[in-house]
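**Q** Could you have a look at this structure, given as structure tokens, before my questions?
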Amino acid sequence: MAERIEGLNAAVEAGKVRHIGISNFNTHQMDEAAKLSKAPLVTNQVEYHPYLDQLKVLEDAERLGMSITAYYAMADGKVPKDPLLNDIGSRHGKTAAQVVLRWLIQQHGVVALSKTSTASRLKENFDIFDFHLTADEMKAIHGLARPDGRIVNPQGLAPVWDKAA
Ligand SMILES: NC(=O)c1ccc[n+]([C@@H]2O[C@H](COP(=O)([O-])OP(=O)(O)OC[C@H]3O[C@@H](n4cnc5c(N)ncnc54)[C@H](OP(=O)(O)O)[C@@H]3O)[C@@H](O)[C@H]2O)c1
């Protein structure tokens, strides 16, 4: 850990990068990394979508002044098919995918990642800045979280994840 954080800081000091961050860290690793780093660790990139509760990681990030960058927002194809997300989307003239990207960026300190090889979806996934989810809708989407909601968990690489709140 110390060697890796030192390497990231050296990249900042050399003017090679403006910001540094971490990925797939649990809260224990986040705390340790933050203690070791001279430059701010601006984000922890982790899996985050409606089926995975990341409250513990979000709370720790807030305490450390870090953001969370959410990957796997589409939850491996589950999001576009979800009835609740489609229902909320139809109220706003938006797709389920747009609802989830909006749900992410409407949370404090959350950055949404998005990936597509379909040109029309590229436009669709950017088109999320002209509507607002209500507090009830945000809560209903959080309510989709399940204990087995995590998708990315490679053996031998993944840390011991924080338990859902
Ligand atoms: N740090 C890590 O360990 C980690 C792990 C995973 C991913 N990432 C990074 O996270 C970024 C995002 O990747 P991701 O896999 O997490 O992306 P994602 O946005 O969750 O999923 C992309 C998949 O969803 C589909 N999709 C995208 N927009 C859609 C829409 N509007 N409607 C329906 N389907 C849609 C895409 O299909 P089409 O291409 O067919 O449109 C593609 O199969 C990438 O830069 C990736 O490198 C990091």
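In the structure tokens, the first chain shown is A, the next is B, and so on; residue numbers restart at 1 for each chain, and ligands run from 1 in the order shown.
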Hey, what's within 12 Å of Phe25 (chain A) if we count only C-alpha atoms and toss same-chain stuff fewer than 6 positions away? As a PDB file with all heavy atoms, in the first residue's frame, please?

**A**
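Output file selection_19.pdb follows:
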```pdb
ATOM      1  N   MET A   1       0.837  -1.212   0.000  1.00  0.00           N
ATOM      2  CA  MET A   1       0.000   0.000   0.000  1.00  0.00           C
ATOM      3  C   MET A   1       0.872   1.264   0.000  1.00  0.00           C
ATOM      4  O   MET A   1       0.682   2.164  -0.808  1.00  0.00           O
ATOM      5  CB  MET A   1      -0.925  -0.023   1.224  1.00  0.00           C
ATOM      6  CG  MET A   1      -1.674   1.247   1.496  1.00  0.00           C
ATOM      7  SD  MET A   1      -3.128   1.430   0.494  1.00  0.00           S
ATOM      8  CE  MET A   1      -4.289   0.408   1.385  1.00  0.00           C
ATOM      9  N   ASP A  31      -9.046   4.416   4.513  1.00  0.00           N
ATOM     10  CA  ASP A  31      -8.464   5.143   5.653  1.00  0.00           C
ATOM     11  C   ASP A  31      -6.936   5.066   5.621  1.00  0.00           C
ATOM     12  O   ASP A  31      -6.242   6.066   5.818  1.00  0.00           O
ATOM     13  CB  ASP A  31      -8.966   4.553   6.985  1.00  0.00           C
ATOM     14  CG  ASP A  31     -10.476   4.691   7.135  1.00  0.00           C
ATOM     15  OD1 ASP A  31     -11.076   5.420   6.328  1.00  0.00           O
ATOM     16  OD2 ASP A  31     -11.035   4.064   8.049  1.00  0.00           O
ATOM     17  N   GLU A  32      -6.444   3.860   5.369  1.00  0.00           N
ATOM     18  CA  GLU A  32      -4.994   3.652   5.351  1.00  0.00           C
ATOM     19  C   GLU A  32      -4.352   4.472   4.216  1.00  0.00           C
ATOM     20  O   GLU A  32      -3.338   5.147   4.410  1.00  0.00           O
ATOM     21  CB  GLU A  32      -4.722   2.156   5.140  1.00  0.00           C
ATOM     22  CG  GLU A  32      -3.353   1.721   5.590  1.00  0.00           C
ATOM     23  CD  GLU A  32      -3.099   0.243   5.284  1.00  0.00           C
ATOM     24  OE1 GLU A  32      -4.068  -0.533   5.217  1.00  0.00           O
ATOM     25  OE2 GLU A  32      -1.921  -0.096   5.082  1.00  0.00           O
ATOM     26  N   ALA A  33      -4.964   4.425   3.048  1.00  0.00           N
ATOM     27  CA  ALA A  33      -4.430   5.149   1.886  1.00  0.00           C
ATOM     28  C   ALA A  33      -4.427   6.660   2.140  1.00  0.00           C
ATOM     29  O   ALA A  33      -3.456   7.350   1.827  1.00  0.00           O
ATOM     30  CB  ALA A  33      -5.250   4.812   0.642  1.00  0.00           C
ATOM     31  N   ALA A  34      -5.524   7.146   2.720  1.00  0.00           N
ATOM     32  CA  ALA A  34      -5.630   8.592   2.975  1.00  0.00           C
ATOM     33  C   ALA A  34      -4.546   9.048   3.958  1.00  0.00           C
ATOM     34  O   ALA A  34      -3.981  10.134   3.812  1.00  0.00           O
ATOM     35  CB  ALA A  34      -7.019   8.926   3.508  1.00  0.00           C
ATOM     36  N   LEU A  41      -6.475  12.140  -2.120  1.00  0.00           N
ATOM     37  CA  LEU A  41      -6.984  11.057  -2.971  1.00  0.00           C
ATOM     38  C   LEU A  41      -8.407  11.493  -3.318  1.00  0.00           C
ATOM     39  O   LEU A  41      -9.274  11.523  -2.449  1.00  0.00           O
ATOM     40  CB  LEU A  41      -6.970   9.735  -2.213  1.00  0.00           C
ATOM     41  CG  LEU A  41      -5.570   9.232  -1.839  1.00  0.00           C
ATOM     42  CD1 LEU A  41      -5.657   8.063  -0.871  1.00  0.00           C
ATOM     43  CD2 LEU A  41      -4.786   8.830  -3.085  1.00  0.00           C
ATOM     44  N   THR A  43     -10.797  10.334  -5.313  1.00  0.00           N
ATOM     45  CA  THR A  43     -11.939   9.441  -5.519  1.00  0.00           C
ATOM     46  C   THR A  43     -11.575   7.995  -5.248  1.00  0.00           C
ATOM     47  O   THR A  43     -10.396   7.609  -5.324  1.00  0.00           O
ATOM     48  CB  THR A  43     -12.485   9.601  -6.958  1.00  0.00           C
ATOM     49  OG1 THR A  43     -13.843   9.135  -7.007  1.00  0.00           O
ATOM     50  CG2 THR A  43     -11.671   8.851  -7.996  1.00  0.00           C
ATOM     51  N   ASN A  44     -12.579   7.205  -4.926  1.00  0.00           N
ATOM     52  CA  ASN A  44     -12.453   5.749  -4.861  1.00  0.00           C
ATOM     53  C   ASN A  44     -13.439   5.206  -5.893  1.00  0.00           C
ATOM     54  O   ASN A  44     -14.650   5.397  -5.758  1.00  0.00           O
ATOM     55  CB  ASN A  44     -12.797   5.242  -3.451  1.00  0.00           C
ATOM     56  CG  ASN A  44     -12.642   3.728  -3.315  1.00  0.00           C
ATOM     57  OD1 ASN A  44     -12.015   3.091  -4.151  1.00  0.00           O
ATOM     58  ND2 ASN A  44     -13.211   3.179  -2.267  1.00  0.00           N
ATOM     59  N   GLN A  45     -12.917   4.575  -6.943  1.00  0.00           N
ATOM     60  CA  GLN A  45     -13.789   4.063  -8.009  1.00  0.00           C
ATOM     61  C   GLN A  45     -14.276   2.668  -7.600  1.00  0.00           C
ATOM     62  O   GLN A  45     -13.470   1.752  -7.436  1.00  0.00           O
ATOM     63  CB  GLN A  45     -13.017   4.007  -9.334  1.00  0.00           C
ATOM     64  CG  GLN A  45     -13.900   3.653 -10.503  1.00  0.00           C
ATOM     65  CD  GLN A  45     -13.151   3.600 -11.822  1.00  0.00           C
ATOM     66  OE1 GLN A  45     -13.174   2.591 -12.520  1.00  0.00           O
ATOM     67  NE2 GLN A  45     -12.485   4.670 -12.186  1.00  0.00           N
ATOM     68  N   VAL A  46     -15.580   2.524  -7.434  1.00  0.00           N
ATOM     69  CA  VAL A  46     -16.150   1.250  -6.963  1.00  0.00           C
ATOM     70  C   VAL A  46     -17.417   0.915  -7.742  1.00  0.00           C
ATOM     71  O   VAL A  46     -18.021   1.783  -8.372  1.00  0.00           O
ATOM     72  CB  VAL A  46     -16.509   1.307  -5.445  1.00  0.00           C
ATOM     73  CG1 VAL A  46     -15.268   1.374  -4.578  1.00  0.00           C
ATOM     74  CG2 VAL A  46     -17.452   2.468  -5.143  1.00  0.00           C
ATOM     75  N   GLU A  47     -17.790  -0.347  -7.679  1.00  0.00           N
ATOM     76  CA  GLU A  47     -19.081  -0.758  -8.245  1.00  0.00           C
ATOM     77  C   GLU A  47     -20.196  -0.058  -7.472  1.00  0.00           C
ATOM     78  O   GLU A  47     -20.210  -0.089  -6.240  1.00  0.00           O
ATOM     79  CB  GLU A  47     -19.224  -2.283  -8.117  1.00  0.00           C
ATOM     80  CG  GLU A  47     -20.571  -2.800  -8.597  1.00  0.00           C
ATOM     81  CD  GLU A  47     -20.707  -4.324  -8.418  1.00  0.00           C
ATOM     82  OE1 GLU A  47     -19.689  -5.011  -8.177  1.00  0.00           O
ATOM     83  OE2 GLU A  47     -21.857  -4.798  -8.531  1.00  0.00           O
ATOM     84  N   GLN A  54     -23.958   1.011  -0.972  1.00  0.00           N
ATOM     85  CA  GLN A  54     -22.571   1.440  -0.730  1.00  0.00           C
ATOM     86  C   GLN A  54     -22.515   2.528   0.339  1.00  0.00           C
ATOM     87  O   GLN A  54     -21.558   3.314   0.380  1.00  0.00           O
ATOM     88  CB  GLN A  54     -21.928   1.957  -2.039  1.00  0.00           C
ATOM     89  CG  GLN A  54     -21.572   0.874  -3.043  1.00  0.00           C
ATOM     90  CD  GLN A  54     -20.313   0.094  -2.645  1.00  0.00           C
ATOM     91  OE1 GLN A  54     -20.000  -0.075  -1.460  1.00  0.00           O
ATOM     92  NE2 GLN A  54     -19.599  -0.411  -3.626  1.00  0.00           N
ATOM     93  N   LYS A  56     -21.751   2.575   3.506  1.00  0.00           N
ATOM     94  CA  LYS A  56     -20.544   2.619   4.360  1.00  0.00           C
ATOM     95  C   LYS A  56     -19.393   3.305   3.626  1.00  0.00           C
ATOM     96  O   LYS A  56     -18.683   4.127   4.194  1.00  0.00           O
ATOM     97  CB  LYS A  56     -20.139   1.195   4.757  1.00  0.00           C
ATOM     98  CG  LYS A  56     -21.096   0.591   5.755  1.00  0.00           C
ATOM     99  CD  LYS A  56     -20.347  -0.084   6.899  1.00  0.00           C
ATOM    100  CE  LYS A  56     -21.285  -0.324   8.052  1.00  0.00           C
ATOM    101  NZ  LYS A  56     -21.570  -1.723   8.277  1.00  0.00           N
ATOM    102  N   VAL A  57     -19.200   2.934   2.369  1.00  0.00           N
ATOM    103  CA  VAL A  57     -18.113   3.513   1.567  1.00  0.00           C
ATOM    104  C   VAL A  57     -18.389   5.008   1.321  1.00  0.00           C
ATOM    105  O   VAL A  57     -17.486   5.842   1.412  1.00  0.00           O
ATOM    106  CB  VAL A  57     -17.966   2.744   0.225  1.00  0.00           C
ATOM    107  CG1 VAL A  57     -16.947   3.407  -0.687  1.00  0.00           C
ATOM    108  CG2 VAL A  57     -17.548   1.300   0.497  1.00  0.00           C
ATOM    109  N   LEU A  58     -19.644   5.338   1.076  1.00  0.00           N
ATOM    110  CA  LEU A  58     -20.012   6.741   0.853  1.00  0.00           C
ATOM    111  C   LEU A  58     -19.758   7.576   2.100  1.00  0.00           C
ATOM    112  O   LEU A  58     -19.238   8.691   2.013  1.00  0.00           O
ATOM    113  CB  LEU A  58     -21.491   6.841   0.461  1.00  0.00           C
ATOM    114  CG  LEU A  58     -21.809   6.442  -0.981  1.00  0.00           C
ATOM    115  CD1 LEU A  58     -23.287   6.134  -1.147  1.00  0.00           C
ATOM    116  CD2 LEU A  58     -21.392   7.543  -1.940  1.00  0.00           C
ATOM    117  N   ASP A  60     -17.635   6.952   4.523  1.00  0.00           N
ATOM    118  CA  ASP A  60     -16.196   7.073   4.763  1.00  0.00           C
ATOM    119  C   ASP A  60     -15.578   8.074   3.788  1.00  0.00           C
ATOM    120  O   ASP A  60     -14.710   8.874   4.164  1.00  0.00           O
ATOM    121  CB  ASP A  60     -15.521   5.698   4.632  1.00  0.00           C
ATOM    122  CG  ASP A  60     -14.217   5.646   5.401  1.00  0.00           C
ATOM    123  OD1 ASP A  60     -14.198   6.117   6.566  1.00  0.00           O
ATOM    124  OD2 ASP A  60     -13.212   5.178   4.850  1.00  0.00           O
ATOM    125  N   ALA A  61     -16.033   8.027   2.545  1.00  0.00           N
ATOM    126  CA  ALA A  61     -15.513   8.964   1.541  1.00  0.00           C
ATOM    127  C   ALA A  61     -15.815  10.402   1.962  1.00  0.00           C
ATOM    128  O   ALA A  61     -14.956  11.283   1.889  1.00  0.00           O
ATOM    129  CB  ALA A  61     -16.138   8.652   0.177  1.00  0.00           C
ATOM    130  N   ILE A  68     -16.854   9.315  -4.658  1.00  0.00           N
ATOM    131  CA  ILE A  68     -16.987   7.931  -5.119  1.00  0.00           C
ATOM    132  C   ILE A  68     -17.252   7.995  -6.625  1.00  0.00           C
ATOM    133  O   ILE A  68     -18.098   8.767  -7.068  1.00  0.00           O
ATOM    134  CB  ILE A  68     -18.197   7.258  -4.411  1.00  0.00           C
ATOM    135  CG1 ILE A  68     -17.860   6.969  -2.962  1.00  0.00           C
ATOM    136  CG2 ILE A  68     -18.638   5.983  -5.107  1.00  0.00           C
ATOM    137  CD1 ILE A  68     -16.673   6.085  -2.780  1.00  0.00           C
ATOM    138  N   THR A  69     -16.522   7.224  -7.379  1.00  0.00           N
ATOM    139  CA  THR A  69     -16.807   7.135  -8.813  1.00  0.00           C
ATOM    140  C   THR A  69     -17.449   5.774  -9.063  1.00  0.00           C
ATOM    141  O   THR A  69     -16.850   4.733  -8.767  1.00  0.00           O
ATOM    142  CB  THR A  69     -15.513   7.304  -9.643  1.00  0.00           C
ATOM    143  OG1 THR A  69     -14.954   8.590  -9.335  1.00  0.00           O
ATOM    144  CG2 THR A  69     -15.797   7.235 -11.128  1.00  0.00           C
ATOM    145  N   LEU A 157      -8.415 -11.092  -5.894  1.00  0.00           N
ATOM    146  CA  LEU A 157      -8.154  -9.678  -6.198  1.00  0.00           C
ATOM    147  C   LEU A 157      -9.000  -8.755  -5.329  1.00  0.00           C
ATOM    148  O   LEU A 157      -8.527  -7.722  -4.861  1.00  0.00           O
ATOM    149  CB  LEU A 157      -8.495  -9.385  -7.666  1.00  0.00           C
ATOM    150  CG  LEU A 157      -7.450  -9.681  -8.728  1.00  0.00           C
ATOM    151  CD1 LEU A 157      -8.014  -9.381 -10.107  1.00  0.00           C
ATOM    152  CD2 LEU A 157      -6.186  -8.840  -8.501  1.00  0.00           C
ATOM    153  N   ALA A 158     -10.250  -9.145  -5.121  1.00  0.00           N
ATOM    154  CA  ALA A 158     -11.167  -8.280  -4.374  1.00  0.00           C
ATOM    155  C   ALA A 158     -10.803  -8.273  -2.890  1.00  0.00           C
ATOM    156  O   ALA A 158     -10.396  -9.297  -2.341  1.00  0.00           O
ATOM    157  CB  ALA A 158     -12.598  -8.768  -4.558  1.00  0.00           C
ATOM    158  N   PRO A 159     -10.950  -7.125  -2.217  1.00  0.00           N
ATOM    159  CA  PRO A 159     -10.721  -7.091  -0.769  1.00  0.00           C
ATOM    160  C   PRO A 159     -11.937  -7.671  -0.044  1.00  0.00           C
ATOM    161  O   PRO A 159     -12.915  -8.068  -0.688  1.00  0.00           O
ATOM    162  CB  PRO A 159     -10.621  -5.586  -0.486  1.00  0.00           C
ATOM    163  CG  PRO A 159     -11.513  -4.961  -1.495  1.00  0.00           C
ATOM    164  CD  PRO A 159     -11.421  -5.820  -2.732  1.00  0.00           C
ATOM    165  N   VAL A 160     -11.869  -7.728   1.265  1.00  0.00           N
ATOM    166  CA  VAL A 160     -13.057  -8.083   2.046  1.00  0.00           C
ATOM    167  C   VAL A 160     -13.937  -6.833   2.035  1.00  0.00           C
ATOM    168  O   VAL A 160     -13.572  -5.802   2.603  1.00  0.00           O
ATOM    169  CB  VAL A 160     -12.668  -8.462   3.497  1.00  0.00           C
ATOM    170  CG1 VAL A 160     -13.911  -8.756   4.317  1.00  0.00           C
ATOM    171  CG2 VAL A 160     -11.716  -9.647   3.488  1.00  0.00           C
ATOM    172  N   TRP A 161     -15.060  -6.926   1.343  1.00  0.00           N
ATOM    173  CA  TRP A 161     -15.897  -5.740   1.169  1.00  0.00           C
ATOM    174  C   TRP A 161     -16.571  -5.349   2.474  1.00  0.00           C
ATOM    175  O   TRP A 161     -16.866  -6.206   3.315  1.00  0.00           O
ATOM    176  CB  TRP A 161     -16.973  -6.017   0.105  1.00  0.00           C
ATOM    177  CG  TRP A 161     -16.424  -6.371  -1.235  1.00  0.00           C
ATOM    178  CD1 TRP A 161     -16.480  -7.590  -1.833  1.00  0.00           C
ATOM    179  CD2 TRP A 161     -15.739  -5.503  -2.155  1.00  0.00           C
ATOM    180  NE1 TRP A 161     -15.873  -7.544  -3.066  1.00  0.00           N
ATOM    181  CE2 TRP A 161     -15.410  -6.280  -3.291  1.00  0.00           C
ATOM    182  CE3 TRP A 161     -15.374  -4.151  -2.138  1.00  0.00           C
ATOM    183  CZ2 TRP A 161     -14.733  -5.751  -4.389  1.00  0.00           C
ATOM    184  CZ3 TRP A 161     -14.707  -3.626  -3.225  1.00  0.00           C
ATOM    185  CH2 TRP A 161     -14.393  -4.416  -4.322  1.00  0.00           C
ATOM    186  N   ASP A 162     -16.887  -4.065   2.586  1.00  0.00           N
ATOM    187  CA  ASP A 162     -17.684  -3.611   3.729  1.00  0.00           C
ATOM    188  C   ASP A 162     -19.076  -4.221   3.618  1.00  0.00           C
ATOM    189  O   ASP A 162     -19.624  -4.314   2.521  1.00  0.00           O
ATOM    190  CB  ASP A 162     -17.811  -2.080   3.684  1.00  0.00           C
ATOM    191  CG  ASP A 162     -16.478  -1.411   3.921  1.00  0.00           C
ATOM    192  OD1 ASP A 162     -16.077  -1.320   5.075  1.00  0.00           O
ATOM    193  OD2 ASP A 162     -15.836  -0.991   2.926  1.00  0.00           O
TER     194      ASP A 162
END
```

**Q** Env of Gly7 (chain A): 12 Å cut, atoms = only C-alpha atoms, seq-sep filter 6 positions within chain, self excluded. Answer as a count of residues only.

**A** 11

**Q** Do you know which residues are at most 9 Å from region 124-139 of chain A counting only C-alpha atoms, after dropping those on the same chain fewer than 2 positions away, and could you put them as a ChimeraX atom specification?

**A** /A:88,92,94-95,97-99,101-103,106-107,114-116,119-122,141-143

**Q** With DSSP run on the backbone, what are the strand (DSSP E or B) residues within chain A? I'd like them as a PyMOL selection string.

**A** chain A and resi 20-23+41-47+67-71+110-112

**Q** Which parts of chain A does DSSP call helix (DSSP H, G or I) when run on the backbone here, written out as a PyMOL selection string?

**A** chain A and resi 2-13+27-36+55-64+75-77+79-81+83-92+96-105+119-126+135-142
